[in-house]
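A quick write-up on the structure given underneath.
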Amino acid sequence: MPPKKKKSKKSKKSKKKEEYLPSIFNIPQYENPDIVTPKVDLIIKLVHPVTDLFTLKIRVPITTRVEQIHQEISKMHQGAISGIQVCRDRFSPEDVLDPKKTLEQCGIFDGEIKLLYDYKPIVGPLLK
């Protein structure tokens, strides 16, 4: 058996903390988009018949897509509707908001906005 090597005792010297050079890049401070993004209050009403039963009030950021509003309306009707059309201030088939656009792209930036919607009921929704 070979002889064992003696372990040398290393002296514990205080290690200096490594100091880094300042960054050469200008890194902007992180801003949380949930806090920074402006929000809008939406009052979503059914066109006909006019009733408070089908009125939805939500607060969403302006980066919300119109498709997400369609989903909220469908959820309010328990999924028994399709072909949802949403318009701003007054309902007209020519003024329907594009579901692929955000509220900001549709010209909705701040304040309290009134949206009107119409839909087509699904025949036999339990069969789907």
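By convention here, the chains of the structure tokens are called A, B, ... in the order presented, each chain's residues are numbered starting at 1, and ligands are numbered starting at 1 in the order presented.
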Could you give me, as a PyMOL selection string, the residues within 12 Å of segment 22-35 of chain A, counting only C-alpha atoms and dropping anything in the same chain fewer than 5 positions from it? chain A and resi 60-64
If you run DSSP over the backbone, which residues in chain A end up strand (DSSP E)? Put them as a PyMOL selection string. chain A and resi 39-46+55-61+81-88+112-121
Go through A:Lys100, A:Lys114, A:His77, A:Arg88 one by one, measure the shortest atom-to-atom distance of each to Phe54 of chain A using only C-alpha atoms, and give the residue with the smallest value. A:His77
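Proximity to Asp89 of chain A was assessed for A:Leu116, A:Tyr20, A:Gln71, A:Glu104 counting only C-alpha atoms; the smallest distance is recorded for A:Leu116.
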Between atom CA of Val86 of chain A and atom CA of Pro99 of chain A, measure the distance and give it in Å to one decimal. 8.7 Å
Please provide the set of residues having any atom within 7 Å of Leu56 of chain A, restricted to only C-alpha atoms, with same-chain residues fewer than 3 positions apart removed, written as a compact mmCIF listing (two decimals) with N, CA and C atoms, in the first residue's frame.
# COMPACT_ATOMS: atom_id res chain seq x y z
N ILE A 43 -69.00 48.87 -20.52
CA ILE A 43 -70.38 48.52 -20.21
C ILE A 43 -70.91 47.86 -21.47
N ILE A 44 -71.13 46.56 -21.39
CA ILE A 44 -71.52 45.77 -22.55
C ILE A 44 -73.00 45.42 -22.41
N LYS A 45 -73.80 45.86 -23.40
CA LYS A 45 -75.25 45.66 -23.33
C LYS A 45 -75.75 44.94 -24.58
As a PyMOL selection string, please: every residue in chain A that DSSP puts in helix (DSSP H, G or I). chain A and resi 33-36+52-54+66-76+93-95+125-127
I'd like the neighbourhood of Ser92 of chain A as number ranges by chain, where a residue qualifies if any of its atoms comes within 12 Å (using only C-alpha atoms), though same-chain residues fewer than 5 positions away should be ignored. A: 47, 85-87, 97, 115-118
Export of prior selection with N, CA and C atoms as an mmCIF file, in the first residue's frame:
data_model
loop_
_atom_site.group_PDB
_atom_site.id
_atom_site.type_symbol
_atom_site.label_atom_id
_atom_site.label_comp_id
_atom_site.auth_asym_id
_atom_site.auth_seq_id
_atom_site.Cartn_x
_atom_site.Cartn_y
_atom_site.Cartn_z
ATOM 1 N N VAL A 47 -78.332 44.497 -27.589
ATOM 2 C CA VAL A 47 -79.042 45.480 -28.392
ATOM 3 C C VAL A 47 -80.557 45.375 -28.189
ATOM 4 N N GLN A 85 -71.547 39.915 -32.524
ATOM 5 C CA GLN A 85 -71.107 41.147 -33.168
ATOM 6 C C GLN A 85 -71.118 42.244 -32.125
ATOM 7 N N VAL A 86 -69.993 42.940 -31.988
ATOM 8 C CA VAL A 86 -69.855 43.994 -30.982
ATOM 9 C C VAL A 86 -69.598 45.321 -31.689
ATOM 10 N N CYS A 87 -70.344 46.366 -31.281
ATOM 11 C CA CYS A 87 -70.170 47.715 -31.825
ATOM 12 C C CYS A 87 -69.996 48.704 -30.680
ATOM 13 N N LEU A 97 -66.802 45.714 -34.563
ATOM 14 C CA LEU A 97 -65.379 45.686 -34.216
ATOM 15 C C LEU A 97 -64.757 44.361 -34.648
ATOM 16 N N LEU A 115 -70.431 49.416 -25.094
ATOM 17 C CA LEU A 115 -70.409 48.503 -26.221
ATOM 18 C C LEU A 115 -71.760 47.807 -26.318
ATOM 19 N N LEU A 116 -72.252 47.653 -27.529
ATOM 20 C CA LEU A 116 -73.507 46.963 -27.775
ATOM 21 C C LEU A 116 -73.214 45.703 -28.574
ATOM 22 N N TYR A 117 -73.939 44.629 -28.273
ATOM 23 C CA TYR A 117 -73.693 43.375 -28.985
ATOM 24 C C TYR A 117 -74.986 42.715 -29.410
ATOM 25 N N ASP A 118 -74.862 41.903 -30.450
ATOM 26 C CA ASP A 118 -75.955 41.081 -30.933
ATOM 27 C C ASP A 118 -75.369 39.709 -31.223
#
Taking only C-alpha atoms into account, name the residue in A:Thr55, A:Gln68, A:Asp110, A:Val123 that is nearest to Ser82 of chain A.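 With only C-alpha atoms as the atom set, the closest residue is A:Val123.
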What does the structure give for the distance between atom CA of Pro121 of chain A and atom CA of Arg65 of chain A, in Å to one decimal?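 Interatomic distance, atom CA of Pro121 of chain A to atom CA of Arg65 of chain A: 22.6 Å.
The spacing separating atom CA of Pro93 of chain A from atom CA of Lys120 of chain A amounts to 13.6 Å.
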If you count only C-alpha atoms, the residue of A:Glu19, A:Leu103, A:Gly83, A:Ile113 closest to Ile58 of chain A turns out to be A:Ile113
